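Structure, as structure tokens:
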Amino acid sequence: MEDMKEIIRTYVINEYVEDDSEVTFDTPLISGGIVDSFSMVSLKRFLENKYKISIPDDKATPEAFDSVNKICTLVNEFVKE
Amino acid sequence: MAYTEKTRGMYQEILGGLKDAGLFKQERYIHSAQAADIEVEFPVGASLKKVINICANNYLGMSSHPEVVKAAHAGLDSHGYGMSSVRFICGTQDIHKKLEAMVTEFLGTEDTILFPSCMDANAGVFEAILTKDDVMISDRLVHASIIDGIRLCSAMHDTYKHSDMAHLEEKLQLHNDKRLKVVITDGVFSMDGDTAKLDQMADLCEKYDALLFCDESHASGFIGKTGRGTHEKCGVMGRMDIITTTFGKGLGGASGGCVSGRKEIVEMCRQKARPYLFSNTIAPPVVAGVIKVLEILSASTDRRDKLEKNTEFWRKGLIDAGLIIKEGDTPIVPVMLFNAKLAQDVSRDLYDEGIYAIGFFFPVVPQSQARIRTQISAGHEIHHLEKALEAFKKVGKKYDILGKSKQEIIDMYGM
């Protein structure tokens with residue numbers, strides 16, 4: 001779980017952060033303006049490819065993607081199945 | 001009467017909020033034709049002031065060119081004022097087809113379709129040619145009209161960091177399973193004046209079997225040795241799949257736009273693009289004017305050559321004066337001030353000195369990137385630019401920003 005959190009946090013920083021802003025596991029990503037709704041697409045595709053899962057569109061909500069912790073919870077929902 | 005006092009109050013509150021936040025846009029009324037020298041009423045009710053305009057998209061000085069005005073008059077006489085129809089019912093004249101053929105020739109593409117504006121071209125093209133099985137991969141700084149077009153399209157959308165080719169390649173790999181991939185960029189980015197790396201992009205598109213789209217609104221007519229655009233400058237004429245551009249900037253300055261590119265893509269737009277199907281096309285006098293513009297630009301590169309020289313003079317003058325500008329070689333030259341209030345104050349003081357230039361700040365540009373965006377024209381003479389430089393030096397001295405670094409300016413005025 002910790003490994004997954006760090007992988008996702010690193011992806012978010014590399015993909016979306018263009019200054020030296022800090023991103024913790026609880027930093028609001030969508031509501032905090034770090035990830036815009038357009039860019040959620042690449043995050044979703046990254047998760048699906050990385051963890052060999054398929055996240056239905058109705059589960060890929062801005063709320064579910066709003067922090068690294070929340071994303072991990074979502075991913076684990078499908079990894080376990 | 002559903003427009004109640006409550007509704008009125010709601011809108012007044014929103015508008016008041018814009019004013020309080022310094023985001024309320026106020027028009028300045030110009031009483032003369034668009035040119036290097038204009039007469040402006042600002043604020044409303046003030047007596048007219050003669051100023052030098054360095055913020056128009058009139059890159060080639062065509063907006064009031066006598067031959068263009070004469071051609072528009074002739075077009076009005078021969079083909080009338082309007083069409084009162086969309087293209088496919090009874091709104092297509094011979095001059096519309098002539099202009100489409102001329103644009104195709106000028107841009108070096110296969111075919112062209114006119115739109116009422118480039119905003120409409122960008123709003124209509126993606127929906128017309130893509131489905132949910134496809135993906136659009138756009139530069140993060142593309143123009144707002146492209147963003148709107150993307151929003152109207154059911155295809156997946158992703159972005160890459162501005163002009164970052166490694167990131168673009170990652171995205172092409174990520175979406176390699178899609179039916180069609182379209183890479184989307186501006187040719188010249190309107191806020192920074194930098195140019196897309198179309199040569200590298202064309203190579204990547206070839207490698208990953210993707211289509212290449214470029215909005216050339218701030219490039220057509222003057223970028224490249226013969227003014228064909230960014231694709232000429234980058235040596236990829238003939239390799240572009242879709243170009244959109246406007247006739248509202250370098251190519252005349254009136255209105256209208258187009259999609260130019262692969263003939264099947266253009267035909268898809270003719271069959272399916274909603275702004276084309278449900279709106280009148282460009283009015284006959286404007287079509288006649290743009291035809292004349294293309295004739296002038298195809299016969300000689302004098303105007304784009306003059307613009308290039310003016311741009312070099314202007315960029316060097318600003319740097320020598322100790323101002324910070326965005327690097328590049330296009331006639332869009334942002335003078336960086338970083339602080340929003342400073343940008344507004346400098347703009348106001350420049351106006352007092354007889355120079356019309358506008359400050360841009362968040363959310364139009366990123367936080368702490370406030371600037372005065374200057375735009376040079378072939379319609380400027382050196383004396384215009386010299387006077388504008390003197391004004392920048394005088395105002396820059398007043399605010400003690402000449403020769404100062406970004407950090408020093410931020411230390412003085414804040415982000």
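Residue numbers start at 1 in each chain; chains themselves are named A, B, ... in the order of the structure tokens; ligands are numbered from 1 in the order shown.
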What are the residues of chain A that have an atom within 12 Å of an atom of chain B, counting only C-alpha atoms, as a count of residues only?
23
Exercise. Enumerate the residues of chain A with a DSSP assignment of alpha helix (DSSP H), computed from the backbone, and present them as JSON, numbers by chain.
Key: {"A": [2, 3, 4, 5, 6, 7, 8, 9, 10, 11, 12, 13, 14, 15, 16, 40, 41, 42, 43, 44, 45, 46, 47, 48, 49, 50, 51, 68, 69, 70, 71, 72, 73, 74, 75, 76, 77, 78, 79]}
Could you please take those selected residues and save N, CA and C atoms as a tab-separated table (two decimals), in the first residue's frame?
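Saved the output as out07.tsv:
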chain	number	residue	atom	x	y	z
A	2	GLU	N	1.90	1.26	0.89
A	2	GLU	CA	2.78	2.42	0.96
A	2	GLU	C	3.51	2.61	-0.37
A	3	ASP	N	3.90	1.48	-0.97
A	3	ASP	CA	4.60	1.52	-2.24
A	3	ASP	C	3.70	2.14	-3.32
A	4	MET	N	2.45	1.70	-3.32
A	4	MET	CA	1.50	2.23	-4.30
A	4	MET	C	1.30	3.74	-4.10
A	5	LYS	N	1.19	4.15	-2.86
A	5	LYS	CA	1.02	5.58	-2.57
A	5	LYS	C	2.19	6.40	-3.12
A	6	GLU	N	3.37	5.89	-2.90
A	6	GLU	CA	4.55	6.63	-3.34
A	6	GLU	C	4.63	6.67	-4.87
A	7	ILE	N	4.27	5.56	-5.50
A	7	ILE	CA	4.29	5.52	-6.98
A	7	ILE	C	3.31	6.56	-7.54
A	8	ILE	N	2.12	6.60	-6.96
A	8	ILE	CA	1.10	7.53	-7.47
A	8	ILE	C	1.50	8.98	-7.16
A	9	ARG	N	2.02	9.19	-5.96
A	9	ARG	CA	2.45	10.55	-5.61
A	9	ARG	C	3.55	11.03	-6.57
A	10	THR	N	4.49	10.16	-6.86
A	10	THR	CA	5.58	10.52	-7.78
A	10	THR	C	5.03	10.81	-9.18
A	11	TYR	N	4.06	9.98	-9.60
A	11	TYR	CA	3.46	10.22	-10.92
A	11	TYR	C	2.78	11.59	-10.97
A	12	VAL	N	2.01	11.89	-9.93
A	12	VAL	CA	1.28	13.17	-9.89
A	12	VAL	C	2.26	14.35	-9.94
A	13	ILE	N	3.35	14.25	-9.18
A	13	ILE	CA	4.33	15.36	-9.16
A	13	ILE	C	4.96	15.52	-10.55
A	14	ASN	N	5.40	14.40	-11.13
A	14	ASN	CA	6.06	14.49	-12.44
A	14	ASN	C	5.11	14.96	-13.53
A	15	GLU	N	3.86	14.54	-13.41
A	15	GLU	CA	2.90	14.80	-14.48
A	15	GLU	C	2.29	16.20	-14.39
A	16	TYR	N	1.99	16.65	-13.19
A	16	TYR	CA	1.17	17.85	-13.06
A	16	TYR	C	1.82	19.04	-12.38
A	40	MET	N	-7.34	14.41	-15.66
A	40	MET	CA	-7.70	13.18	-14.95
A	40	MET	C	-7.58	11.97	-15.86
A	41	VAL	N	-7.77	12.20	-17.16
A	41	VAL	CA	-7.75	11.11	-18.13
A	41	VAL	C	-6.43	10.36	-18.08
A	42	SER	N	-5.34	11.11	-18.09
A	42	SER	CA	-4.04	10.44	-18.13
A	42	SER	C	-3.77	9.74	-16.81
A	43	LEU	N	-4.23	10.31	-15.71
A	43	LEU	CA	-4.07	9.66	-14.40
A	43	LEU	C	-4.83	8.33	-14.38
A	44	LYS	N	-6.05	8.34	-14.88
A	44	LYS	CA	-6.87	7.13	-14.92
A	44	LYS	C	-6.19	6.06	-15.79
A	45	ARG	N	-5.71	6.49	-16.94
A	45	ARG	CA	-5.07	5.53	-17.85
A	45	ARG	C	-3.78	4.98	-17.25
A	46	PHE	N	-3.04	5.85	-16.54
A	46	PHE	CA	-1.81	5.41	-15.89
A	46	PHE	C	-2.13	4.32	-14.86
A	47	LEU	N	-3.14	4.56	-14.05
A	47	LEU	CA	-3.52	3.59	-13.01
A	47	LEU	C	-3.97	2.27	-13.63
A	48	GLU	N	-4.74	2.38	-14.69
A	48	GLU	CA	-5.26	1.16	-15.33
A	48	GLU	C	-4.12	0.32	-15.93
A	49	ASN	N	-3.17	1.00	-16.57
A	49	ASN	CA	-2.05	0.29	-17.17
A	49	ASN	C	-1.12	-0.29	-16.10
A	50	LYS	N	-0.87	0.53	-15.09
A	50	LYS	CA	0.10	0.14	-14.06
A	50	LYS	C	-0.40	-1.05	-13.23
A	51	TYR	N	-1.68	-1.00	-12.87
A	51	TYR	CA	-2.21	-2.02	-11.97
A	51	TYR	C	-3.12	-3.04	-12.67
A	68	VAL	N	-3.99	11.41	-3.13
A	68	VAL	CA	-3.28	10.14	-3.35
A	68	VAL	C	-3.94	9.04	-2.52
A	69	ASN	N	-4.28	9.36	-1.28
A	69	ASN	CA	-4.93	8.36	-0.42
A	69	ASN	C	-6.24	7.86	-1.03
A	70	LYS	N	-7.05	8.79	-1.52
A	70	LYS	CA	-8.35	8.40	-2.11
A	70	LYS	C	-8.14	7.58	-3.38
A	71	ILE	N	-7.14	7.94	-4.16
A	71	ILE	CA	-6.86	7.19	-5.39
A	71	ILE	C	-6.45	5.75	-5.05
A	72	CYS	N	-5.64	5.61	-4.01
A	72	CYS	CA	-5.21	4.27	-3.59
A	72	CYS	C	-6.41	3.42	-3.16
A	73	THR	N	-7.31	4.05	-2.42
A	73	THR	CA	-8.51	3.32	-1.99
A	73	THR	C	-9.28	2.84	-3.21
A	74	LEU	N	-9.43	3.71	-4.19
A	74	LEU	CA	-10.15	3.35	-5.42
A	74	LEU	C	-9.45	2.22	-6.16
A	75	VAL	N	-8.16	2.35	-6.33
A	75	VAL	CA	-7.39	1.34	-7.08
A	75	VAL	C	-7.51	-0.02	-6.38
A	76	ASN	N	-7.37	0.00	-5.05
A	76	ASN	CA	-7.42	-1.27	-4.30
A	76	ASN	C	-8.77	-1.96	-4.42
A	77	GLU	N	-9.78	-1.17	-4.62
A	77	GLU	CA	-11.12	-1.73	-4.81
A	77	GLU	C	-11.14	-2.69	-6.01
A	78	PHE	N	-10.39	-2.34	-7.03
A	78	PHE	CA	-10.39	-3.13	-8.26
A	78	PHE	C	-9.27	-4.16	-8.28
A	79	VAL	N	-8.15	-3.83	-7.66
A	79	VAL	CA	-7.04	-4.77	-7.62
A	79	VAL	C	-7.46	-6.03	-6.88
Report as an mmCIF file with N, CA and C atoms, in the first residue's frame all protein, DNA and RNA residues lying within 9 Å of Ser117 in chain B, evaluated on only C-alpha atoms, omitting residues in the same chain fewer than 2 positions from it.
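Written file, part.cif:
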data_model
loop_
_atom_site.group_PDB
_atom_site.id
_atom_site.type_symbol
_atom_site.label_atom_id
_atom_site.label_comp_id
_atom_site.auth_asym_id
_atom_site.auth_seq_id
_atom_site.Cartn_x
_atom_site.Cartn_y
_atom_site.Cartn_z
ATOM 1 N N LEU B 114 -13.984 27.235 -45.416
ATOM 2 C CA LEU B 114 -14.112 28.485 -44.664
ATOM 3 C C LEU B 114 -15.077 28.322 -43.495
ATOM 4 N N PHE B 115 -14.804 29.037 -42.421
ATOM 5 C CA PHE B 115 -15.704 29.115 -41.268
ATOM 6 C C PHE B 115 -15.940 30.602 -40.952
ATOM 7 N N MET B 119 -12.411 30.714 -34.313
ATOM 8 C CA MET B 119 -13.074 30.181 -33.110
ATOM 9 C C MET B 119 -14.071 29.093 -33.527
ATOM 10 N N ASP B 120 -14.842 29.360 -34.563
ATOM 11 C CA ASP B 120 -15.807 28.373 -35.063
ATOM 12 C C ASP B 120 -15.101 27.161 -35.686
ATOM 13 N N ALA B 121 -14.012 27.407 -36.386
ATOM 14 C CA ALA B 121 -13.258 26.293 -36.985
ATOM 15 C C ALA B 121 -12.770 25.351 -35.884
ATOM 16 N N ASN B 122 -12.198 25.932 -34.829
ATOM 17 C CA ASN B 122 -11.698 25.109 -33.727
ATOM 18 C C ASN B 122 -12.838 24.460 -32.953
ATOM 19 N N THR B 245 -6.795 28.490 -39.156
ATOM 20 C CA THR B 245 -6.233 29.843 -39.070
ATOM 21 C C THR B 245 -7.356 30.863 -39.192
ATOM 22 N N THR B 246 -6.974 32.121 -38.983
ATOM 23 C CA THR B 246 -7.958 33.201 -38.998
ATOM 24 C C THR B 246 -7.625 34.223 -40.082
ATOM 25 N N PHE B 247 -8.650 34.895 -40.548
ATOM 26 C CA PHE B 247 -8.446 36.056 -41.428
ATOM 27 C C PHE B 247 -8.595 37.346 -40.618
ATOM 28 N N GLY B 248 -8.658 37.193 -39.308
ATOM 29 C CA GLY B 248 -8.875 38.337 -38.418
ATOM 30 C C GLY B 248 -7.596 38.899 -37.819
ATOM 31 N N SER B 255 -12.496 39.334 -40.367
ATOM 32 C CA SER B 255 -13.129 38.204 -39.694
ATOM 33 C C SER B 255 -13.008 36.974 -40.585
ATOM 34 N N GLY B 256 -13.435 35.848 -40.043
ATOM 35 C CA GLY B 256 -13.414 34.613 -40.816
ATOM 36 C C GLY B 256 -12.230 33.737 -40.456
ATOM 37 N N GLY B 257 -12.382 32.449 -40.732
ATOM 38 C CA GLY B 257 -11.321 31.494 -40.471
ATOM 39 C C GLY B 257 -11.506 30.276 -41.340
ATOM 40 N N CYS B 258 -10.689 29.271 -41.111
ATOM 41 C CA CYS B 258 -10.803 28.084 -41.960
ATOM 42 C C CYS B 258 -10.169 26.868 -41.316
ATOM 43 N N THR B 281 -21.589 31.927 -43.639
ATOM 44 C CA THR B 281 -20.138 31.983 -43.781
ATOM 45 C C THR B 281 -19.676 33.444 -43.865
ATOM 46 N N ILE B 282 -18.475 33.638 -44.336
ATOM 47 C CA ILE B 282 -17.885 34.985 -44.369
ATOM 48 C C ILE B 282 -18.622 35.845 -45.403
#
Checklist entry - Separation of CA of Gly149 in chain B and CA of Phe126 in chain B, in Å? => result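 The value is 6.3 Å.
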